[in-house]
Structures are given as C-alpha cells and as structure tokens.
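Here's structure-v5.cif, which has mmCIF, C-alpha atoms:
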data_query
#
loop_
_atom_site.label_atom_id
_atom_site.label_comp_id
_atom_site.auth_asym_id
_atom_site.auth_seq_id
_atom_site.Cartn_x
_atom_site.Cartn_y
_atom_site.Cartn_z
CA MET A 235 0.00 0.00 0.00
CA LEU A 236 2.81 2.41 0.92
CA LYS A 237 4.59 1.71 -2.37
CA LYS A 238 1.35 2.32 -4.25
CA MET A 239 0.80 5.66 -2.49
CA LEU A 240 4.39 6.75 -3.21
CA SER A 241 3.92 5.79 -6.84
CA ILE A 242 0.74 7.89 -7.08
CA LEU A 243 2.47 10.88 -5.43
CA CYS A 244 5.41 10.62 -7.81
CA CYS A 245 3.10 10.48 -10.82
CA SER A 246 1.17 13.47 -9.52
CA ALA A 247 4.40 15.42 -9.05
CA LEU A 248 5.51 14.60 -12.56
CA LEU A 249 2.11 15.61 -13.93
CA LEU A 250 2.21 18.96 -12.10
CA SER A 251 5.74 19.52 -13.30
CA GLY A 252 4.67 18.79 -16.85
CA CYS A 253 1.73 21.21 -16.56
CA ALA A 254 3.98 23.89 -15.16
CA GLN A 255 6.44 23.33 -17.99
CA ALA A 256 3.65 23.48 -20.56
CA SER A 257 2.37 26.69 -19.01
CA LYS A 258 5.88 28.08 -19.10
CA GLN A 259 6.19 27.23 -22.78
CA GLU A 260 2.80 28.73 -23.61
CA ASP A 261 3.81 31.96 -21.89
CA GLY A 262 6.67 32.79 -24.28
CA LYS A 263 7.93 35.63 -22.09
CA ASN A 264 9.01 33.17 -19.40
CA GLU A 265 11.04 30.96 -21.71
CA ARG A 266 14.12 33.19 -21.67
CA ALA A 267 15.85 35.40 -19.18
CA THR A 268 17.72 37.58 -21.66
CA ILE A 269 17.70 38.58 -25.30
CA SER A 270 20.44 39.89 -27.59
CA VAL A 271 19.66 43.10 -29.50
CA THR A 272 21.61 45.28 -31.92
CA THR A 273 21.98 48.77 -30.53
CA LEU A 274 24.59 51.54 -30.31
CA ASN A 275 27.46 52.05 -27.88
CA GLY A 276 28.88 55.34 -26.63
CA ASN A 277 30.85 55.75 -29.86
CA GLN A 278 27.66 55.34 -31.90
CA GLU A 279 28.85 51.99 -33.21
CA SER A 280 26.46 49.06 -33.70
CA VAL A 281 26.96 46.39 -31.03
CA GLU A 282 25.21 43.26 -29.85
CA LEU A 283 23.94 43.72 -26.31
CA GLU A 284 22.48 41.18 -23.92
CA VAL A 285 19.53 42.68 -22.05
CA PRO A 286 16.80 41.30 -19.76
CA TYR A 287 13.83 39.87 -21.63
CA ASP A 288 10.53 41.54 -20.71
CA PRO A 289 12.11 43.84 -18.06
CA GLN A 290 9.80 45.11 -15.35
CA ARG A 291 11.69 48.23 -14.17
CA ILE A 292 12.53 50.65 -16.97
CA ALA A 293 14.49 53.89 -16.81
CA ILE A 294 13.68 56.22 -19.70
CA LEU A 295 16.15 58.88 -20.83
CA ASP A 296 14.80 59.23 -24.36
CA MET A 297 11.29 60.50 -25.01
CA ALA A 298 10.90 58.59 -28.28
CA VAL A 299 11.20 55.32 -26.34
CA LEU A 300 8.68 56.48 -23.74
CA ASP A 301 6.37 57.20 -26.67
CA MET A 302 6.80 53.60 -27.89
CA LEU A 303 6.29 52.00 -24.48
CA ASP A 304 3.16 54.09 -24.01
CA ASN A 305 1.83 52.80 -27.34
CA TRP A 306 2.45 49.21 -26.25
CA GLY A 307 0.78 49.53 -22.84
CA LEU A 308 4.07 49.20 -20.93
CA GLY A 309 4.11 52.63 -19.31
CA ASN A 310 3.37 51.20 -15.87
CA ARG A 311 6.89 49.74 -15.83
CA VAL A 312 8.62 53.13 -16.07
CA VAL A 313 10.43 53.85 -12.80
CA GLY A 314 12.24 57.04 -13.85
CA MET A 315 12.34 59.70 -16.57
CA PRO A 316 13.59 63.28 -17.15
CA LYS A 317 10.56 65.24 -15.97
CA SER A 318 11.85 68.54 -17.31
CA SER A 319 10.91 67.30 -20.80
CA LYS A 320 7.19 67.69 -21.31
CA ILE A 321 5.18 66.38 -24.25
CA ASP A 322 1.41 66.83 -24.22
CA TYR A 323 0.40 63.22 -24.81
CA LEU A 324 2.94 61.89 -22.27
CA LEU A 325 2.29 64.33 -19.40
CA ALA A 326 0.72 61.59 -17.24
CA TYR A 327 4.25 60.25 -16.70
CA ASN A 328 5.60 63.64 -15.64
CA ASP A 329 2.73 63.96 -13.16
CA ASN A 330 3.12 60.45 -11.73
CA ALA A 331 4.70 60.78 -8.27
CA ASP A 332 5.77 57.11 -8.35
CA ILE A 333 8.10 57.82 -11.28
CA ALA A 334 11.45 59.27 -10.24
CA ASP A 335 12.76 62.47 -11.82
CA LEU A 336 16.05 61.51 -13.47
CA GLY A 337 17.19 65.02 -14.40
CA THR A 338 17.25 66.13 -18.03
CA LEU A 339 17.81 64.58 -21.46
CA LYS A 340 21.35 65.95 -21.31
CA GLU A 341 22.29 65.55 -17.66
CA VAL A 342 21.27 62.51 -15.62
CA ASP A 343 20.68 62.57 -11.87
CA MET A 344 22.82 59.48 -11.28
CA GLU A 345 21.79 59.15 -7.63
CA ALA A 346 18.10 59.13 -8.56
CA LEU A 347 18.80 56.68 -11.38
CA MET A 348 20.59 54.23 -9.09
CA ALA A 349 17.87 54.55 -6.47
CA SER A 350 15.22 53.62 -9.05
CA GLU A 351 16.96 50.23 -9.55
CA PRO A 352 16.20 49.80 -13.25
CA ASP A 353 16.51 46.49 -15.08
CA ILE A 354 17.27 48.39 -18.30
CA ILE A 355 18.01 51.98 -19.38
CA PHE A 356 17.03 53.62 -22.68
CA ILE A 357 18.92 56.67 -23.94
CA GLY A 358 19.16 58.89 -27.03
CA GLY A 359 22.01 60.78 -28.64
CA ARG A 360 22.11 63.57 -26.06
CA LEU A 361 23.54 61.11 -23.52
CA SER A 362 25.95 59.14 -25.70
CA ALA A 363 28.96 60.55 -23.80
CA GLN A 364 27.59 59.06 -20.55
CA TYR A 365 26.99 55.62 -22.00
CA ASP A 366 29.79 53.89 -20.08
CA ALA A 367 28.82 55.40 -16.73
CA LEU A 368 25.17 54.49 -17.22
CA SER A 369 26.11 50.94 -18.25
CA LYS A 370 27.50 50.34 -14.77
CA ILE A 371 23.96 50.66 -13.42
CA ALA A 372 22.06 48.54 -15.96
CA PRO A 373 22.24 47.53 -19.64
CA VAL A 374 21.88 50.63 -21.82
CA VAL A 375 19.93 50.54 -25.08
CA TYR A 376 20.88 53.55 -27.20
CA THR A 377 18.88 54.33 -30.33
CA ALA A 378 19.09 57.17 -32.83
CA VAL A 379 17.64 58.34 -36.12
CA ASP A 380 19.88 57.26 -38.99
CA ASN A 381 19.51 59.97 -41.64
CA SER A 382 21.16 57.74 -44.24
CA LYS A 383 18.13 55.44 -44.21
CA GLY A 384 15.60 58.07 -43.18
CA LEU A 385 13.36 58.75 -40.22
CA ILE A 386 10.58 56.38 -41.27
CA GLN A 387 12.87 53.37 -41.60
CA SER A 388 14.70 54.35 -38.42
CA VAL A 389 11.43 54.39 -36.50
CA LYS A 390 10.46 51.01 -37.92
CA ASP A 391 13.84 49.43 -37.16
CA ASN A 392 14.14 50.92 -33.68
CA ALA A 393 10.57 49.99 -32.85
CA GLN A 394 11.14 46.37 -33.90
CA MET A 395 14.35 46.13 -31.90
CA ILE A 396 12.84 47.64 -28.74
CA ALA A 397 9.60 45.69 -29.19
CA SER A 398 11.57 42.43 -29.36
CA ILE A 399 12.72 43.03 -25.78
CA PHE A 400 9.08 42.85 -24.68
CA GLY A 401 7.61 40.42 -27.20
CA LYS A 402 5.63 43.22 -28.87
CA GLU A 403 6.99 42.93 -32.43
CA ALA A 404 3.60 42.26 -34.07
CA LEU A 405 2.01 45.26 -32.38
CA ALA A 406 4.92 47.51 -33.35
CA LEU A 407 4.68 46.39 -36.97
CA GLU A 408 0.94 47.02 -37.03
CA GLN A 409 1.43 50.55 -35.68
CA THR A 410 4.20 51.55 -38.10
CA GLU A 411 3.15 49.92 -41.38
CA ALA A 412 0.60 52.63 -42.26
CA PHE A 413 3.23 55.37 -42.44
CA ASP A 414 4.42 54.43 -45.95
CA ALA A 415 1.10 55.23 -47.64
CA ARG A 416 0.96 58.63 -45.96
CA ILE A 417 4.52 59.39 -47.06
CA ASP A 418 3.60 58.55 -50.66
CA VAL A 419 0.72 61.04 -50.62
CA LEU A 420 2.94 63.77 -49.16
CA LYS A 421 5.69 63.05 -51.70
CA LYS A 422 3.25 63.66 -54.54
CA ALA A 423 2.21 66.97 -52.98
CA ALA A 424 5.86 68.04 -52.50
CA ALA A 425 7.09 67.03 -55.96
CA GLY A 426 8.95 69.86 -57.68
CA LYS A 427 8.60 72.21 -54.69
CA SER A 428 11.39 73.97 -52.78
CA ALA A 429 11.65 74.66 -49.08
CA ILE A 430 13.77 76.19 -46.40
CA ILE A 431 13.61 74.39 -43.08
CA GLY A 432 14.62 76.30 -39.99
CA MET A 433 14.63 76.39 -36.23
CA VAL A 434 13.83 79.54 -34.28
CA THR A 435 15.94 79.90 -31.16
CA SER A 436 16.73 83.05 -29.17
CA SER A 437 14.82 85.02 -31.83
CA ASN A 438 17.22 83.76 -34.53
CA PHE A 439 16.29 81.68 -37.57
CA ASN A 440 18.72 78.77 -38.06
CA THR A 441 18.56 76.88 -41.34
CA LEU A 442 18.58 73.08 -41.23
CA GLY A 443 20.01 70.77 -43.88
CA ASN A 444 18.89 67.24 -44.69
CA GLY A 445 21.43 65.83 -42.24
CA SER A 446 19.99 67.82 -39.36
CA ARG A 447 16.75 67.83 -37.41
CA CYS A 448 13.56 67.70 -39.48
CA SER A 449 15.40 65.66 -42.14
CA LEU A 450 12.08 63.94 -42.93
CA ILE A 451 10.98 66.98 -44.98
CA GLY A 452 13.86 66.89 -47.44
CA ASN A 453 14.91 63.24 -47.33
CA GLU A 454 11.61 61.40 -47.45
CA ILE A 455 8.91 63.91 -48.33
CA GLY A 456 11.15 65.13 -51.15
CA PHE A 457 11.20 68.91 -50.89
CA THR A 458 14.24 70.51 -52.51
CA ASN A 459 15.94 71.91 -49.42
CA LEU A 460 17.52 75.21 -50.46
CA ALA A 461 19.72 75.17 -47.36
CA ASP A 462 20.94 71.60 -47.69
CA ASP A 463 24.52 72.42 -46.79
CA VAL A 464 24.05 72.16 -43.05
CA ASP A 465 24.85 69.11 -40.94
CA THR A 466 24.71 70.50 -37.41
CA THR A 467 21.95 69.54 -35.01
CA HIS A 468 20.88 73.08 -34.35
CA GLY A 469 21.51 74.44 -37.83
CA ASN A 470 23.39 77.48 -39.03
CA GLU A 471 22.36 80.91 -37.85
CA SER A 472 20.93 82.60 -40.88
CA SER A 473 19.31 85.87 -41.84
CA PHE A 474 15.86 86.72 -43.05
CA GLU A 475 17.52 88.20 -46.15
CA LEU A 476 18.38 84.61 -47.11
CA LEU A 477 14.69 83.75 -47.17
CA VAL A 478 14.04 86.64 -49.52
CA ASP A 479 17.01 85.68 -51.70
CA LYS A 480 16.11 81.97 -51.92
CA ASN A 481 12.35 82.64 -52.03
CA PRO A 482 11.26 79.04 -51.31
CA ASP A 483 7.82 77.68 -52.04
CA TYR A 484 7.51 76.58 -48.41
CA ILE A 485 9.12 77.55 -45.12
CA PHE A 486 9.01 75.00 -42.28
CA VAL A 487 9.61 76.38 -38.80
CA LEU A 488 10.53 74.52 -35.59
CA ASP A 489 10.20 76.60 -32.41
CA ARG A 490 12.98 75.28 -30.16
CA ASP A 491 12.34 77.81 -27.39
CA SER A 492 8.75 76.62 -27.04
CA ALA A 493 9.90 73.00 -27.01
CA ILE A 494 12.18 73.60 -24.03
CA ASN A 495 10.00 76.23 -22.34
CA ALA A 496 12.69 78.90 -22.62
CA GLU A 497 11.76 81.68 -20.25
CA GLY A 498 10.90 85.02 -21.87
CA ALA A 499 11.42 83.73 -25.43
CA LYS A 500 9.36 85.03 -28.33
CA LEU A 501 7.11 82.59 -30.12
CA ALA A 502 8.30 81.56 -33.56
CA GLN A 503 5.22 83.17 -35.14
CA GLU A 504 6.27 86.53 -33.66
CA VAL A 505 9.85 86.15 -34.86
CA MET A 506 8.75 85.19 -38.38
CA ASN A 507 6.22 88.01 -38.66
CA ASN A 508 8.49 90.65 -40.19
CA GLU A 509 8.74 92.66 -43.39
CA LEU A 510 11.40 90.46 -44.97
CA VAL A 511 9.54 87.19 -44.47
CA GLN A 512 6.41 88.87 -45.80
CA GLN A 513 8.18 89.38 -49.13
CA THR A 514 8.53 85.64 -49.72
CA ALA A 515 6.23 83.55 -51.88
CA ALA A 516 5.85 81.16 -48.96
CA TYR A 517 4.35 83.88 -46.78
CA GLN A 518 2.16 85.29 -49.54
CA ASN A 519 0.77 81.85 -50.40
CA ASP A 520 0.24 80.88 -46.75
CA HIS A 521 2.94 78.22 -47.05
CA ILE A 522 4.72 78.80 -43.74
CA VAL A 523 4.26 75.59 -41.74
CA TYR A 524 4.84 75.67 -37.98
CA LEU A 525 5.85 72.25 -36.68
CA THR A 526 4.64 70.92 -33.31
CA PRO A 527 7.66 71.99 -31.19
CA THR A 528 7.87 69.38 -28.42
CA VAL A 529 7.30 66.48 -30.80
CA TRP A 530 9.80 67.47 -33.51
CA TYR A 531 12.46 68.60 -31.02
CA LEU A 532 12.08 66.15 -28.12
CA ALA A 533 10.35 63.00 -29.38
CA GLU A 534 11.54 62.54 -32.98
CA GLY A 535 11.70 58.78 -33.49
CA GLY A 536 8.57 57.86 -31.53
CA ILE A 537 5.46 56.25 -33.01
CA SER A 538 2.88 58.81 -31.84
CA ALA A 539 5.49 61.48 -32.56
CA LEU A 540 5.81 60.38 -36.18
CA ASP A 541 2.03 60.38 -36.52
CA THR A 542 1.95 64.00 -35.28
CA MET A 543 4.81 64.99 -37.58
CA LEU A 544 2.99 63.62 -40.60
CA LYS A 545 -0.20 65.37 -39.50
CA ASP A 546 1.72 68.67 -39.36
CA LEU A 547 2.90 68.14 -42.93
CA GLU A 548 -0.51 66.95 -44.13
CA ALA A 549 -2.12 70.07 -42.68
CA GLY A 550 0.48 72.25 -44.38
CA LEU A 551 0.43 70.55 -47.79
CA LEU A 552 -2.85 68.75 -48.28
CA ALA A 553 -5.35 71.07 -46.61
CA GLN A 554 -4.69 73.88 -49.07
#

Please express the file's structure as structure tokens.
Amino acid sequence: MLKKMLSILCCSALLLSGCAQASKQEDGKNERATISVTTLNGNQESVELEVPYDPQRIAILDMAVLDMLDNWGLGNRVVGMPKSSKIDYLLAYNDNADIADLGTLKEVDMEALMASEPDIIFIGGRLSAQYDALSKIAPVVYTAVDNSKGLIQSVKDNAQMIASIFGKEALALEQTEAFDARIDVLKKAAAGKSAIIGMVTSSNFNTLGNGSRCSLIGNEIGFTNLADDVDTTHGNESSFELLVDKNPDYIFVLDRDSAINAEGAKLAQEVMNNELVQQTAAYQNDHIVYLTPTVWYLAEGGISALDTMLKDLEAGLLAQ
C-alpha cells in the first residue's frame, strides 16, 4: 500500500511539473531570461547587447522610447524619466509621483537613477557621452535616427528592436506599417517644390540641412531643401535676407524655445512676422508651416510622434 501511495504521489508530481512546464512554454515571455539586440554604444557603433527579456523596471532617458512603451501599454513599468521634458500626450508620466525624476535629457541625476533600480536603461544621442557610466547601473539601449536610411525606416527598425525586448513585435509592426502610404501622398504633394527648413531659437532663424533635425521633410517627403549644406543639429544661424534671396515655395519652422519652455522667449510666429519674411512667396501663399515643437524637437523617433509629424505636414500641404 505504501509503495502504491508513493507511486501515485510521484506520478502526480511529474504531472504537475509537466503542466507547469507546458504553461511556461505557452507563456513565451518566461522561456528566456535575456535577449540579444543590436543597438549603439557610446561611440555610436552598432553592437550586440544582452539585455533582460521583458524587463519590469525601466528607466527612460529618451522621449521617443517612452512614446513607444506608451503605445504598447508598458508605461506602468517606467520607474524614472527626465521630468523637465514635457510632451502633451505623455504628461501623465511627468505627473506620476511614483516615477522618479532623473534630471534632463542631457544631464542625468545618477543618484536618482541608481535609487530607481532599473533592469534596463534607454537613452538617445544627447547622452551618448555618458553611455559607459550608465552601463555600470544597468544595460543601456541607445537608439538614434539614422539619416542615411531616413526617419521612417529608423522608427520602424528601432521599434522592432525595442519591441523584441518585450515580445511586442507584431504590435509595433501594425502601428508603423501605415506610415508608408501617408509618405507617398505627401511626396506627390511636394514634388517639384522647394523649401527652407529652420529652427527659431533666441529670436534667430537657423537653417537646417537634410542631415539635421527635421530631415524627414527633405529626405523622405522630397522637398528641394535650399539650405541643404548644413549638418549640425541646431543648424546654421541665418538671416531673413536669405529667405528673400532663396524665395522658397515653403518655409518649415521649428520653435525650439517653445519646445524647451525657454523663459521670456518670443514665439516663432512673432519672430517670423516681419517685413522680410512677408516678401517671400511662402508667406504670400500661406505656405509657412509651424511644426509641433515638443514632438519634432524632443520626441523625434517615436510612433505617436511620427504620426503627429505627418499630420503637421498633411495640414500644411494637403489642406490647401
């Protein structure tokens, strides 16, 4: 009888073990502890990095990644972010007292970051110089927009890589695949048209080339950028006489001061409302397009951000 009871118990244990194993296999997220992804290191070189699979505690130091996690319903895992950066559709994270303030997109509060005990850290280009220091706290995933392949493809590739860490690849693909058709429509509207793209900062108008911010407009939408000799992130300080001289069909304006809440700064619309700008065909044809500042300056590379960017261009090109 005792042997029979032991035999039954052993069989039951094996059965439970088998059920547990089956459950573990059905729940794909539990099958692995880590995953290898291709990301950037501090020298902006592609590297293979081993990171936790489906991490539960996430430190965000790049708003484009916060945008993605928000789209995938993973925002409740964010334990820290730079709360000085404020984007309308992500303000719930800034206001959440349970999320630590990690400083700014350029300067991390290392003590607050360590105290938040992240499983993984996401950064953008502003923090590339601190990559090694941050890596001592947790694995660092660093993504950027690659202008050589364009913003759209960069968003798709970065989204797939980040989504793979959480098993959200199908959702990421679904959310990004509609962008191509919208780009095609905008390209047709921009065909044969010229533009000057600029950023207003400290009441100055800085021209931006196709290797700078807002590269989407020249590279993928296809405007002939009349100032495409600039490769700096914040452009080259220009003059309004240049706008008169080049006389573009369109002028695209990014208000950096509004994006960073610069105290006492003039709005871009005020800066651009002058006699010289009024002489341009762009002004006279109502072809000055003001880009959503926080999105284009702080969240370029996000999924909702890209949707907003395309809406800005659609409103400027297709609604006329």

| field | Residue members of the PyMOL selection byres ((chain A and resi 276-286) around 9) in the file shown, as number ranges by chain | value | A: 266-275, 287-289, 353-354, 359, 361-366, 372-378, 399

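Nearest-residue note for Gly358 (chain A): choosing from A:Gln503, A:Thr514, A:Ala326, A:Gly536, the minimum distance belongs to A:Gly536, counting all atoms listed in the file.
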
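In this model, the gap between CA of Glu408 (chain A) and CA of Ala553 (chain A) comes to 26.6 Å.
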
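Atom pair CA of Gln409 (chain A) / CA of Phe457 (chain A): separated by 25.8 Å.
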
| field | Exercise: residues within 12 Å of coordinate (18.2, 87.3, -45.9), counting only C-alpha atoms, as a ChimeraX atom specification | value | /A:430,438-441,471-481,508-514

| Exercise: region 522-529 of chain A partners within 7 Å, all atoms listed in the file, chain neighbours under 6 positions left out, as a list in words | Ile321, Tyr484, Ile485, Phe486, Val487, Leu488, Asp489, Arg490, Ser492, Ala493, Ala516, Ala539, Asp546 and Gly550 of chain A
